[in-house]
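Trainee: Handing over start-v9.cif, mmCIF, C-alpha atoms.
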data_query
#
loop_
_atom_site.label_atom_id
_atom_site.label_comp_id
_atom_site.auth_asym_id
_atom_site.auth_seq_id
_atom_site.Cartn_x
_atom_site.Cartn_y
_atom_site.Cartn_z
CA MET R 173 -13.15 -16.86 -20.75
CA LYS R 174 -15.30 -19.29 -18.77
CA ARG R 175 -13.42 -18.41 -15.59
CA LYS R 176 -14.05 -14.71 -16.22
CA GLU R 177 -17.78 -15.27 -16.71
CA ARG R 178 -18.02 -17.36 -13.51
CA LEU R 179 -16.24 -14.67 -11.51
CA LYS R 180 -18.37 -11.91 -13.03
CA THR R 181 -21.61 -13.75 -12.24
CA ALA R 182 -20.53 -14.48 -8.67
CA LEU R 183 -19.54 -10.87 -8.10
CA ILE R 184 -22.85 -9.48 -9.36
CA ILE R 185 -24.84 -11.93 -7.22
CA LEU R 186 -22.81 -11.15 -4.11
CA LEU R 187 -22.90 -7.41 -4.66
CA THR R 188 -26.65 -7.36 -5.29
CA ALA R 189 -27.38 -9.51 -2.25
CA GLY R 190 -25.04 -7.46 -0.09
CA ALA R 191 -26.54 -4.15 -1.18
CA VAL R 192 -30.10 -5.32 -0.51
CA VAL R 193 -29.53 -7.18 2.74
CA LEU R 194 -26.75 -5.16 4.35
CA GLY R 195 -26.65 -1.89 2.45
CA SER R 196 -23.13 -1.29 3.76
CA LEU R 197 -19.48 -1.96 3.05
CA THR R 198 -19.45 -4.74 5.61
CA GLY R 199 -20.46 -7.84 3.68
CA ILE R 200 -20.45 -6.22 0.22
CA PHE R 201 -16.71 -5.87 -0.02
CA ASP R 202 -16.02 -8.89 2.19
CA ASN R 203 -17.89 -11.04 -0.33
CA LEU R 204 -16.37 -9.21 -3.28
CA GLY R 205 -12.85 -10.08 -2.21
CA ARG R 206 -13.25 -13.61 -0.93
CA HIS R 207 -11.70 -15.57 -3.76
CA GLY R 208 -8.79 -17.91 -4.27
CA THR R 209 -5.46 -16.43 -5.20
CA ALA R 210 -4.84 -17.75 -8.66
CA PRO R 211 -6.36 -18.60 -12.02
CA GLU R 212 -6.13 -22.05 -13.50
CA ASN R 213 -2.73 -23.76 -13.72
CA ARG R 214 -1.02 -21.47 -11.19
CA GLU R 215 -1.67 -23.14 -7.87
CA GLU R 216 -3.68 -26.22 -6.98
CA ASN R 217 -4.74 -25.20 -3.47
CA PRO R 218 -4.53 -21.43 -3.22
CA ALA R 219 -4.97 -19.65 0.10
CA GLU R 220 -8.03 -17.44 0.33
CA TYR R 221 -7.73 -13.69 0.50
CA THR R 222 -10.50 -11.30 1.52
CA ALA R 223 -10.43 -7.77 0.14
CA ALA R 224 -8.94 -5.52 2.83
CA ALA R 225 -9.54 -2.28 0.91
CA PHE R 226 -11.98 -0.89 -1.64
CA PRO R 227 -12.19 2.12 -3.96
CA LEU R 228 -13.37 5.25 -2.19
CA THR R 229 -14.02 6.89 -5.55
CA ALA R 230 -14.87 5.37 -8.93
CA ALA R 231 -15.69 6.92 -12.28
CA TYR R 232 -16.36 5.91 -15.87
CA SER R 233 -15.58 8.33 -18.70
CA ALA R 234 -17.13 7.51 -22.05
CA SER R 235 -15.49 8.20 -25.39
CA THR R 236 -17.88 11.17 -25.72
CA GLY R 237 -16.11 12.88 -22.83
CA LEU R 238 -19.09 12.53 -20.49
CA ARG R 239 -18.44 11.00 -17.08
CA TYR R 240 -20.25 9.07 -14.35
CA GLY R 241 -18.66 9.29 -10.92
CA VAL R 242 -19.45 8.03 -7.45
CA LYS R 243 -18.06 8.45 -3.93
CA TYR R 244 -19.41 8.49 -0.38
CA SER R 245 -21.87 5.71 -1.19
CA SER R 246 -20.91 2.10 -0.61
CA ALA R 247 -23.87 0.76 -2.58
CA GLU R 248 -23.13 2.85 -5.68
CA ILE R 249 -19.39 2.12 -5.54
CA ALA R 250 -20.14 -1.57 -5.12
CA GLU R 251 -22.42 -1.53 -8.15
CA LEU R 252 -19.81 0.08 -10.43
CA TYR R 253 -16.89 -1.92 -8.99
CA GLY R 254 -18.85 -5.16 -9.13
CA HIS R 255 -19.61 -4.71 -12.82
CA THR R 256 -15.93 -4.21 -13.63
CA ALA R 257 -14.08 -6.32 -11.05
CA ALA R 258 -13.80 -9.39 -13.29
CA ALA R 259 -12.41 -7.32 -16.18
CA LEU R 260 -10.13 -5.45 -13.78
CA GLY R 261 -8.78 -8.74 -12.43
CA GLU R 262 -8.15 -9.95 -15.96
CA ALA R 263 -6.28 -6.73 -16.76
CA LEU R 264 -4.10 -6.87 -13.63
CA GLY R 265 -3.39 -10.56 -14.11
CA SER R 266 -2.09 -9.91 -17.63
CA ALA R 267 -0.29 -6.62 -16.89
CA SER R 268 3.27 -6.10 -18.11
CA LYS R 269 6.06 -4.59 -16.00
CA LEU R 270 5.38 -1.01 -15.01
CA SER R 271 7.34 1.82 -16.57
CA GLU R 272 7.55 5.48 -15.57
CA MET R 273 5.18 7.99 -17.15
CA SER R 274 5.03 11.77 -16.97
CA GLU R 275 2.43 13.70 -15.03
CA SER R 276 1.19 15.25 -18.24
CA ALA R 277 0.62 11.75 -19.67
CA TRP R 278 -1.28 10.85 -16.49
CA ILE R 279 -3.51 13.90 -16.89
CA THR R 280 -4.09 13.00 -20.54
CA ALA R 281 -5.20 9.53 -19.44
CA LEU R 282 -7.64 10.96 -16.88
CA SER R 283 -9.04 13.33 -19.50
CA GLY R 284 -9.95 10.52 -21.90
CA ALA R 285 -12.18 7.46 -21.87
CA GLY R 286 -11.62 4.93 -19.14
CA LEU R 287 -12.33 3.54 -15.69
CA PHE R 288 -10.90 5.53 -12.77
CA LEU R 289 -10.43 4.10 -9.25
CA ASP R 290 -9.10 5.87 -6.15
CA TYR R 291 -8.37 3.70 -3.10
CA GLY R 292 -7.37 6.59 -0.84
CA ALA R 293 -4.00 4.99 -0.02
CA ASP R 294 -1.25 3.10 -1.85
CA ILE R 295 -2.35 -0.51 -2.33
CA PRO R 296 0.25 -3.17 -3.23
CA LEU R 297 -0.72 -4.49 -6.65
CA ASP R 298 -0.03 -8.09 -5.66
CA ALA R 299 -2.60 -7.76 -2.87
CA LEU R 300 -5.13 -6.10 -5.16
CA ALA R 301 -4.70 -8.85 -7.74
CA LEU R 302 -5.26 -11.55 -5.12
CA TRP R 303 -8.42 -9.82 -3.90
CA LEU R 304 -9.67 -9.92 -7.47
CA GLY R 305 -8.99 -13.63 -7.81
CA THR R 306 -5.79 -13.53 -9.85
CA GLU R 307 -2.01 -13.02 -9.54
CA LEU R 308 0.48 -10.65 -11.08
CA ARG R 309 2.75 -12.06 -13.75
CA ALA R 310 6.32 -12.93 -12.76
CA GLY R 311 8.46 -9.82 -12.37
CA VAL R 312 5.50 -7.42 -12.12
CA SER R 313 5.27 -5.33 -8.96
CA GLY R 314 4.14 -1.91 -7.78
CA SER R 315 1.40 -0.12 -5.91
CA ALA R 316 -1.43 2.26 -6.69
CA ARG R 317 -3.49 4.82 -4.88
CA ARG R 318 -5.23 5.79 -8.10
CA MET R 319 -5.47 3.96 -11.41
CA MET R 320 -6.98 4.66 -14.80
CA LEU R 321 -7.75 1.82 -17.20
CA SER R 322 -8.06 3.14 -20.74
CA PRO R 323 -8.39 1.91 -24.34
CA ASP R 324 -5.00 1.76 -26.05
CA GLY R 325 -6.24 2.64 -29.52
CA SER R 326 -6.02 -0.93 -30.82
CA GLY R 327 -8.84 -2.49 -28.85
CA GLY R 328 -6.64 -3.32 -25.87
CA VAL R 329 -6.27 -1.83 -22.39
CA HIS R 330 -3.43 0.00 -20.76
CA ILE R 331 -3.30 1.04 -17.09
CA ALA R 332 -1.93 4.25 -15.63
CA PHE R 333 -1.06 4.31 -11.92
CA GLN R 334 -0.43 7.05 -9.38
CA ASN R 335 1.26 6.34 -6.04
CA ALA R 336 3.58 8.02 -3.56
CA ASP R 337 6.51 7.54 -5.96
CA GLY R 338 4.87 9.21 -8.97
CA PHE R 339 3.22 7.82 -12.09
CA GLN R 340 3.62 4.52 -13.92
CA THR R 341 1.95 2.73 -16.79
CA CYS R 342 1.73 -0.74 -18.31
CA SER R 343 0.09 -2.64 -21.12
CA THR R 344 -2.25 -5.60 -20.64
CA MET R 345 -3.67 -8.46 -22.66
CA SER R 346 -7.25 -7.38 -21.90
CA ARG R 347 -9.77 -6.02 -24.39
CA TRP R 348 -11.47 -2.68 -23.80
CA SER R 349 -14.75 -4.18 -25.02
CA SER R 350 -14.85 -6.20 -21.78
CA PHE R 351 -15.15 -2.95 -19.84
CA VAL R 352 -17.46 -1.10 -22.22
CA SER R 353 -20.00 -3.92 -22.19
CA GLU R 354 -20.23 -3.65 -18.38
CA LEU R 355 -20.19 0.15 -18.16
CA SER R 356 -22.66 1.20 -20.85
CA SER R 357 -25.53 1.31 -18.34
CA PHE R 358 -23.90 4.05 -16.23
CA PHE R 359 -25.05 7.47 -17.37
CA PRO R 360 -23.15 10.77 -16.97
CA ASN R 361 -23.82 12.69 -13.75
CA GLY R 362 -21.58 15.74 -14.10
CA ALA R 363 -18.55 14.42 -12.19
CA VAL R 364 -15.30 16.27 -12.97
CA PHE R 365 -11.69 16.16 -11.89
CA ALA R 366 -10.45 19.18 -9.98
CA PHE R 367 -7.92 20.04 -12.70
CA GLU R 368 -10.82 20.47 -15.13
CA LYS R 369 -12.30 23.35 -13.08
CA ASP R 370 -10.76 26.82 -13.23
CA SER R 371 -12.10 27.55 -9.74
CA LEU R 372 -10.02 24.66 -8.34
CA LYS R 373 -6.63 25.49 -9.84
CA ASN R 374 -5.06 25.43 -6.35
CA ALA R 375 -6.77 22.21 -5.26
CA GLU R 376 -5.54 18.60 -5.28
CA LYS R 377 -5.71 18.02 -9.04
CA TYR R 378 -6.85 14.42 -9.16
CA GLU R 379 -9.80 14.55 -6.77
CA LEU R 380 -13.10 13.69 -8.41
CA ILE R 381 -15.77 16.30 -7.68
CA LEU R 382 -19.45 15.38 -7.69
CA GLU R 383 -22.17 17.73 -8.84
CA THR R 384 -24.60 16.23 -6.32
CA LEU R 385 -23.63 14.37 -3.16
CA PRO R 386 -25.45 11.19 -2.11
CA GLU R 387 -27.51 11.25 1.07
CA VAL R 388 -25.38 10.84 4.19
CA HIS R 389 -26.56 10.26 7.74
CA THR R 390 -25.44 10.64 11.31
CA VAL R 391 -24.16 7.46 12.96
CA ARG R 392 -24.33 6.26 16.53
CA ALA R 393 -21.01 5.28 18.11
CA SER R 394 -20.53 2.86 20.97
CA ALA R 395 -17.82 0.77 22.59
CA GLY R 396 -17.11 -2.41 20.67
CA ARG R 397 -16.85 -5.79 22.35
CA SER R 398 -14.44 -8.66 21.94
CA GLY R 399 -14.86 -12.32 22.67
CA ARG R 400 -11.78 -12.86 24.83
CA SER R 401 -11.73 -16.61 24.32
CA GLY R 402 -9.54 -17.36 21.33
CA THR R 403 -8.92 -13.72 20.42
CA ILE R 404 -5.36 -14.41 19.22
CA PRO R 405 -4.66 -17.66 17.33
CA ASP R 406 -2.91 -20.36 19.38
CA MET R 407 -3.21 -18.49 22.67
CA SER R 408 -5.33 -20.03 25.43
CA MET R 409 -5.76 -16.79 27.40
CA SER R 410 -6.69 -18.79 30.50
CA VAL R 411 -4.65 -16.85 33.07
CA SER R 412 -4.86 -13.11 33.61
CA TYR R 413 -4.23 -10.29 36.05
CA THR R 414 -5.55 -6.73 36.23
CA GLU R 415 -3.37 -3.63 36.30
CA ALA R 416 -4.11 -0.55 38.41
CA ASP R 417 -5.81 1.28 35.54
CA GLY R 418 -8.17 -1.63 34.88
CA THR R 419 -6.24 -3.17 31.97
CA VAL R 420 -6.66 -6.96 31.89
CA VAL R 421 -3.42 -8.73 30.92
CA TYR R 422 -3.06 -12.26 29.56
CA PRO R 423 0.64 -13.28 29.63
CA GLU R 424 1.75 -16.39 27.73
CA ASP R 425 4.91 -17.73 26.14
CA ASN R 426 3.58 -16.78 22.68
CA GLY R 427 2.96 -13.17 23.65
CA ILE R 428 1.00 -10.78 25.82
CA VAL R 429 -2.58 -9.68 25.18
CA LYS R 430 -4.03 -6.63 26.92
CA PHE R 431 -7.63 -5.39 27.12
CA GLY R 432 -7.66 -1.72 28.08
CA PRO R 433 -10.59 -0.03 29.85
CA ASP R 434 -11.05 2.26 26.83
CA GLY R 435 -11.71 -0.69 24.49
CA THR R 436 -8.15 -0.96 23.15
CA VAL R 437 -6.89 -4.50 22.60
CA SER R 438 -3.17 -5.03 22.02
CA TYR R 439 -0.84 -7.95 21.40
CA THR R 440 2.96 -8.01 21.63
CA SER R 441 5.42 -10.84 21.12
CA ASP R 442 9.19 -11.14 21.01
CA LYS R 443 8.82 -14.76 19.81
CA PRO R 444 6.15 -14.38 17.13
CA HIS R 445 4.20 -17.51 16.26
CA ILE R 446 1.91 -15.77 13.76
CA ARG R 447 3.80 -15.48 10.49
CA ALA R 448 3.27 -14.30 6.92
CA GLU R 449 5.63 -13.85 3.97
CA GLY R 450 5.12 -10.95 1.60
CA THR R 451 3.03 -7.82 2.03
CA ALA R 452 -0.15 -9.33 0.59
CA ALA R 453 0.00 -12.22 3.05
CA MET R 454 0.79 -9.84 5.92
CA ILE R 455 -2.23 -7.68 5.12
CA GLU R 456 -4.43 -10.78 4.98
CA LYS R 457 -3.04 -12.18 8.24
CA ALA R 458 -3.44 -8.88 10.08
CA ARG R 459 -6.95 -8.42 8.70
CA SER R 460 -7.91 -11.93 9.77
CA VAL R 461 -6.59 -11.53 13.34
CA LEU R 462 -8.21 -8.10 13.73
CA GLU R 463 -11.56 -9.44 12.52
CA GLY R 464 -11.22 -12.29 15.02
CA ILE R 465 -10.79 -9.78 17.83
CA ARG R 466 -13.86 -7.78 16.81
CA GLU R 467 -15.94 -10.87 16.05
CA GLU R 468 -18.56 -9.88 18.62
CA GLY R 469 -20.25 -6.51 18.93
CA LYS R 470 -19.84 -5.21 15.37
CA GLY R 471 -22.09 -2.51 14.02
CA ASP R 472 -22.64 -1.38 10.45
CA GLU R 473 -18.99 -0.43 9.96
CA GLY R 474 -16.18 -2.26 8.22
CA LEU R 475 -12.47 -2.28 9.08
CA TYR R 476 -10.20 -1.72 6.08
CA PHE R 477 -6.54 -1.35 5.18
CA THR R 478 -5.47 2.31 4.81
CA GLY R 479 -1.69 2.35 4.58
CA MET R 480 1.70 0.76 5.11
CA GLU R 481 5.21 1.76 6.19
CA GLN R 482 8.37 -0.31 5.71
CA SER R 483 11.82 0.08 7.26
CA ASP R 484 14.68 -2.20 8.34
CA GLY R 485 12.83 -5.47 7.86
CA ALA R 486 9.69 -4.18 9.61
CA VAL R 487 6.32 -3.69 7.94
CA ARG R 488 3.66 -1.66 9.75
CA LEU R 489 0.08 -1.84 8.47
CA TYR R 490 -2.74 0.56 9.27
CA PHE R 491 -6.51 0.01 9.29
CA ASP R 492 -9.52 2.28 9.82
CA TYR R 493 -13.26 1.99 10.21
CA PHE R 494 -15.56 2.98 7.33
CA ILE R 495 -19.30 3.20 7.06
CA ASP R 496 -21.14 3.73 3.77
CA GLY R 497 -17.94 4.78 2.04
CA LEU R 498 -16.92 7.40 4.65
CA LYS R 499 -13.88 7.00 6.87
CA ILE R 500 -14.36 7.30 10.63
CA THR R 501 -11.28 9.11 11.87
CA GLN R 502 -10.22 8.30 15.42
CA ARG R 503 -8.93 10.79 17.92
CA GLY R 504 -5.13 10.77 17.78
CA ASP R 505 -4.54 7.51 15.90
CA THR R 506 -5.69 4.99 13.34
CA ALA R 507 -8.31 2.47 14.43
CA ALA R 508 -5.87 -0.43 14.22
CA GLU R 509 -2.30 -1.29 13.29
CA ALA R 510 -0.09 -4.36 13.01
CA GLU R 511 3.67 -4.75 12.73
CA PHE R 512 5.59 -7.66 11.23
CA LYS R 513 9.34 -8.12 11.64
CA ASN R 514 11.08 -10.65 9.45
CA GLY R 515 7.70 -12.19 8.68
CA GLY R 516 6.51 -12.50 12.29
CA LEU R 517 3.65 -10.53 13.88
CA VAL R 518 5.26 -8.71 16.80
CA TYR R 519 2.64 -6.06 17.54
CA LEU R 520 -1.05 -5.49 16.99
CA ARG R 521 -3.49 -2.92 18.36
CA ILE R 522 -7.15 -2.12 17.76
CA LYS R 523 -9.58 0.34 19.31
CA LEU R 524 -12.85 -1.54 19.47
CA ARG R 525 -15.72 0.68 18.35
CA ALA R 526 -19.12 -0.05 16.84
CA TYR R 527 -21.11 2.30 14.59
CA THR R 528 -24.75 2.07 13.53
CA ARG R 529 -26.67 4.22 11.09
CA THR R 530 -29.46 6.52 12.15
CA ALA R 531 -32.31 7.84 10.03
CA ALA R 532 -31.16 11.44 10.45
CA ASP R 533 -29.72 12.86 7.24
CA CYS R 534 -27.37 15.86 7.08
CA GLU R 535 -27.20 19.02 5.01
CA LEU R 536 -23.73 19.59 3.63
CA LEU R 537 -21.91 22.25 1.68
CA PRO R 538 -21.77 21.18 -2.00
CA GLU R 539 -18.50 19.47 -2.84
CA LEU R 540 -17.40 22.07 -5.38
CA GLN R 541 -17.66 24.81 -2.74
CA ALA R 542 -15.99 22.65 -0.11
CA ALA R 543 -13.11 21.86 -2.49
CA ALA R 544 -12.66 25.55 -3.35
CA ALA R 545 -12.57 26.46 0.35
CA ALA R 546 -10.03 23.70 1.05
CA ALA R 547 -7.79 24.95 -1.76
CA GLU R 548 -7.89 28.46 -0.26
CA MET R 549 -6.88 27.09 3.13
CA LYS R 550 -4.12 24.79 1.84
CA GLN R 551 -2.27 24.84 -1.48
CA GLY R 552 -2.97 21.53 -3.20
CA GLY R 553 -5.50 20.66 -0.51
CA SER R 554 -8.68 18.67 -0.89
CA ALA R 555 -11.98 18.47 0.98
CA VAL R 556 -12.73 14.99 2.30
CA LEU R 557 -16.07 14.02 3.77
CA GLU R 558 -15.62 11.86 6.86
CA TYR R 559 -16.77 11.22 10.41
CA TYR R 560 -14.68 12.12 13.46
CA ASP R 561 -15.00 9.96 16.55
CA GLY R 562 -13.93 12.09 19.49
CA GLY R 563 -15.99 10.12 21.99
CA SER R 564 -19.46 11.52 21.29
CA GLU R 565 -22.41 9.19 20.89
CA LEU R 566 -23.70 10.75 17.66
CA LEU R 567 -21.34 11.52 14.81
CA ALA R 568 -22.19 13.78 11.89
CA PRO R 569 -20.19 13.79 8.63
CA ARG R 570 -18.03 16.84 8.06
CA TRP R 571 -15.67 18.27 5.47
CA THR R 572 -12.02 17.94 6.45
CA VAL R 573 -9.10 19.60 4.66
CA ARG R 574 -6.41 17.12 3.61
#
Would you write the structure of this file as structure tokens?
Mentor:
Amino acid sequence: MKRKERLKTALIILLTAGAVVLGSLTGIFDNLGRHGTAPENREENPAEYTAAAFPLTAAYSASTGLRYGVKYSSAEIAELYGHTAAALGEALGSASKLSEMSESAWITALSGAGLFLDYGADIPLDALALWLGTELRAGVSGSARRMMLSPDGSGGVHIAFQNADGFQTCSTMSRWSSFVSELSSFFPNGAVFAFEKDSLKNAEKYELILETLPEVHTVRASAGRSGRSGTIPDMSMSVSYTEADGTVVYPEDNGIVKFGPDGTVSYTSDKPHIRAEGTAAMIEKARSVLEGIREEGKGDEGLYFTGMEQSDGAVRLYFDYFIDGLKITQRGDTAAEAEFKNGGLVYLRIKLRAYTRTAADCELLPELQAAAAAAEMKQGGSAVLEYYDGGSELLAPRWTVR
């Protein structure tokens, strides 16, 4: 219990300081996730993991049926997530093996009391646990795009998960009172799930719809910069040549680093010296190297994990820029990617971009109307608010059909 209280206090302090000083995802969620891997008696000198992803949507449903929801606001998400992260870590760290559940049971869970989180992409549970300062129990594995933590009727907590494979559930050793005590200060704001609205019967069922959107602003985009000295660990990058298109190439025994004229930095190696075992460690290693590349010239944006593909011993990880809870979609590709083969980093690429807020706010179609329009355009579709970086200097948020 003492460990939980220490973690809770640290999270609240970090989140409050980050929201006041930075007011952005950069810093708030970096601080939130920078904890050791394990609770007491699991590992003496745990490696440190920094959160590489965060909830894009969060909601609390009270036993009365009323709901508070938030999205498209890093400060509001950080406040809700920060109040519950310690209890969430305790729940994940004590979770039993996952078992299959029906979609109807999933909908029942969403319709009742509980804490709902949507990360926008499948997140390996072992990575999520490490970001929250704990570890999964032996034999427990899985992933989650969305999760719902709910009271089990006996004072405990069970978790329902949704991912690309369907729906799963598990029990935990946590107490629901740990969540209620942190969530009682969040008042209902009219948030609903799409399946609860007759006008959205053709929409993506599990999207949370807000009655009123937070203020969003235009952002200014510019080319990012990289400190070329020490960009890739254990590479001197002392000798280079320039290709015809202006790409600067640094060839070494450990690999080849290229700086393209469009701000793209890439690394390839057929004898990888950067290694990581397990998906959680791979995400952390890729995140760390990417942050090293973009160490100079950052704006208000953060770079976060948004997906993973695995095949034939290869693991490919994807990352994108976010600002104030909105994704910044790049023209034609993700912002960054990394590939590991047999535990070695063989490829990495990032498009260096920097984004800063402006004071100009934007008028947007209400989310309920945007969601209804998206459902008309695409069966099971959803309306997602995001920025699109096609090369313009000023970017305005827009509704995109997904």
Trainee: Would you mind listing what lies within 8 Å of range 510-514 of chain R as a ChimeraX atom specification, with all atoms listed in the file counted and same-chain residues fewer than 6 positions away left out?
Mentor: /R:454,458,485-490,520-521
Trainee: Got a sec: who's within 10 Å of Phe351 in chain R, counting all atoms listed in the file, leaving out chain neighbours fewer than 6 positions off, as a list in words?
Mentor: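 Within the cut-off, the hits are Tyr232, His255, Thr256, Ala257, Ala258, Ala259, Leu260, Gly286, Leu287, Leu321, Ser322, Pro323 and Val329 of chain R.
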Trainee: Restricting the calculation to only C-alpha atoms, which member of R:Asn426, R:Thr229, R:Ser554, R:Ser346 is positioned closest to Ala247 in chain R?
Mentor: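 So, comparing all the options, the nearest one is R:Thr229.
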Trainee: Could you state which residues are captured by the PyMOL selection byres ((chain R and resi 462-472) around 10) in this file, as a PyMOL selection string?
Mentor: chain R and resi 194-199+391-405+437-438+456-461+473-475+491+493-496+508-510+520-529
Trainee: Could the residues in this selection be written to a file with C-alpha atoms, as an mmCIF file, in the frame of the given file?
Mentor:
data_model
loop_
_atom_site.group_PDB
_atom_site.id
_atom_site.type_symbol
_atom_site.label_atom_id
_atom_site.label_comp_id
_atom_site.auth_asym_id
_atom_site.auth_seq_id
_atom_site.Cartn_x
_atom_site.Cartn_y
_atom_site.Cartn_z
ATOM 1 C CA LEU R 194 -26.750 -5.160 4.350
ATOM 2 C CA GLY R 195 -26.650 -1.890 2.450
ATOM 3 C CA SER R 196 -23.130 -1.290 3.760
ATOM 4 C CA LEU R 197 -19.480 -1.960 3.050
ATOM 5 C CA THR R 198 -19.450 -4.740 5.610
ATOM 6 C CA GLY R 199 -20.460 -7.840 3.680
ATOM 7 C CA VAL R 391 -24.160 7.460 12.960
ATOM 8 C CA ARG R 392 -24.330 6.260 16.530
ATOM 9 C CA ALA R 393 -21.010 5.280 18.110
ATOM 10 C CA SER R 394 -20.530 2.860 20.970
ATOM 11 C CA ALA R 395 -17.820 0.770 22.590
ATOM 12 C CA GLY R 396 -17.110 -2.410 20.670
ATOM 13 C CA ARG R 397 -16.850 -5.790 22.350
ATOM 14 C CA SER R 398 -14.440 -8.660 21.940
ATOM 15 C CA GLY R 399 -14.860 -12.320 22.670
ATOM 16 C CA ARG R 400 -11.780 -12.860 24.830
ATOM 17 C CA SER R 401 -11.730 -16.610 24.320
ATOM 18 C CA GLY R 402 -9.540 -17.360 21.330
ATOM 19 C CA THR R 403 -8.920 -13.720 20.420
ATOM 20 C CA ILE R 404 -5.360 -14.410 19.220
ATOM 21 C CA PRO R 405 -4.660 -17.660 17.330
ATOM 22 C CA VAL R 437 -6.890 -4.500 22.600
ATOM 23 C CA SER R 438 -3.170 -5.030 22.020
ATOM 24 C CA GLU R 456 -4.430 -10.780 4.980
ATOM 25 C CA LYS R 457 -3.040 -12.180 8.240
ATOM 26 C CA ALA R 458 -3.440 -8.880 10.080
ATOM 27 C CA ARG R 459 -6.950 -8.420 8.700
ATOM 28 C CA SER R 460 -7.910 -11.930 9.770
ATOM 29 C CA VAL R 461 -6.590 -11.530 13.340
ATOM 30 C CA GLU R 473 -18.990 -0.430 9.960
ATOM 31 C CA GLY R 474 -16.180 -2.260 8.220
ATOM 32 C CA LEU R 475 -12.470 -2.280 9.080
ATOM 33 C CA PHE R 491 -6.510 0.010 9.290
ATOM 34 C CA TYR R 493 -13.260 1.990 10.210
ATOM 35 C CA PHE R 494 -15.560 2.980 7.330
ATOM 36 C CA ILE R 495 -19.300 3.200 7.060
ATOM 37 C CA ASP R 496 -21.140 3.730 3.770
ATOM 38 C CA ALA R 508 -5.870 -0.430 14.220
ATOM 39 C CA GLU R 509 -2.300 -1.290 13.290
ATOM 40 C CA ALA R 510 -0.090 -4.360 13.010
ATOM 41 C CA LEU R 520 -1.050 -5.490 16.990
ATOM 42 C CA ARG R 521 -3.490 -2.920 18.360
ATOM 43 C CA ILE R 522 -7.150 -2.120 17.760
ATOM 44 C CA LYS R 523 -9.580 0.340 19.310
ATOM 45 C CA LEU R 524 -12.850 -1.540 19.470
ATOM 46 C CA ARG R 525 -15.720 0.680 18.350
ATOM 47 C CA ALA R 526 -19.120 -0.050 16.840
ATOM 48 C CA TYR R 527 -21.110 2.300 14.590
ATOM 49 C CA THR R 528 -24.750 2.070 13.530
ATOM 50 C CA ARG R 529 -26.670 4.220 11.090
#
Trainee: Could you check how far CA of Thr530 in chain R sits from CA of Gly497 in chain R, in Å to one decimal?
Mentor: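 Here the two named atoms are 15.4 Å from each other.
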Trainee: One number please: CA of Gly241 in chain R to CA of Leu308 in chain R, in Å, one decimal.
Mentor: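 According to the coordinates, CA of Gly241 in chain R and CA of Leu308 in chain R are separated by 27.6 Å.
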Trainee: I'd like to know which of R:Ser235, R:Ser245, R:Gln340, R:Asn335 is closest to Trp278 in chain R, using only C-alpha atoms.
Mentor: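 Closest candidate: R:Gln340.
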Trainee: Have a look at CA of Ala316 in chain R and CA of Glu354 in chain R and let me know their distance in Å, one decimal.
Mentor: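 Taking CA of Ala316 in chain R and CA of Glu354 in chain R, their separation equals 22.9 Å.
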Trainee: So which residues touch Ala310 in chain R within 12 Å, counting all atoms listed in the file, skipping near sequence neighbours fewer than 4 positions away, as a PDB file with C-alpha atoms, keeping the file's coordinate frame?
Mentor:
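Result file is around-v1.pdb:
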ATOM      1  CA  ARG R 214      -1.020 -21.470 -11.190  1.00  0.00           C
ATOM      2  CA  GLY R 265      -3.390 -10.560 -14.110  1.00  0.00           C
ATOM      3  CA  SER R 266      -2.090  -9.910 -17.630  1.00  0.00           C
ATOM      4  CA  ALA R 267      -0.290  -6.620 -16.890  1.00  0.00           C
ATOM      5  CA  SER R 268       3.270  -6.100 -18.110  1.00  0.00           C
ATOM      6  CA  LYS R 269       6.060  -4.590 -16.000  1.00  0.00           C
ATOM      7  CA  ASP R 298      -0.030  -8.090  -5.660  1.00  0.00           C
TER       8      ASP R 298
END
Trainee: Skip Tyr560 in chain R itself and residues of its chain fewer than 2 positions away, then list as a ChimeraX atom specification all residues within 12 Å of it, counting all atoms listed in the file.
Mentor: /R:390-393,492-495,498-507,527,556-558,562-572
Trainee: Using C-alpha atoms, can you export the residues from the last selection as a compact mmCIF listing (two decimals), in the coordinates of the input?
Mentor:
# COMPACT_ATOMS: atom_id res chain seq x y z
CA THR R 390 -25.44 10.64 11.31
CA VAL R 391 -24.16 7.46 12.96
CA ARG R 392 -24.33 6.26 16.53
CA ALA R 393 -21.01 5.28 18.11
CA ASP R 492 -9.52 2.28 9.82
CA TYR R 493 -13.26 1.99 10.21
CA PHE R 494 -15.56 2.98 7.33
CA ILE R 495 -19.30 3.20 7.06
CA LEU R 498 -16.92 7.40 4.65
CA LYS R 499 -13.88 7.00 6.87
CA ILE R 500 -14.36 7.30 10.63
CA THR R 501 -11.28 9.11 11.87
CA GLN R 502 -10.22 8.30 15.42
CA ARG R 503 -8.93 10.79 17.92
CA GLY R 504 -5.13 10.77 17.78
CA ASP R 505 -4.54 7.51 15.90
CA THR R 506 -5.69 4.99 13.34
CA ALA R 507 -8.31 2.47 14.43
CA TYR R 527 -21.11 2.30 14.59
CA VAL R 556 -12.73 14.99 2.30
CA LEU R 557 -16.07 14.02 3.77
CA GLU R 558 -15.62 11.86 6.86
CA GLY R 562 -13.93 12.09 19.49
CA GLY R 563 -15.99 10.12 21.99
CA SER R 564 -19.46 11.52 21.29
CA GLU R 565 -22.41 9.19 20.89
CA LEU R 566 -23.70 10.75 17.66
CA LEU R 567 -21.34 11.52 14.81
CA ALA R 568 -22.19 13.78 11.89
CA PRO R 569 -20.19 13.79 8.63
CA ARG R 570 -18.03 16.84 8.06
CA TRP R 571 -15.67 18.27 5.47
CA THR R 572 -12.02 17.94 6.45
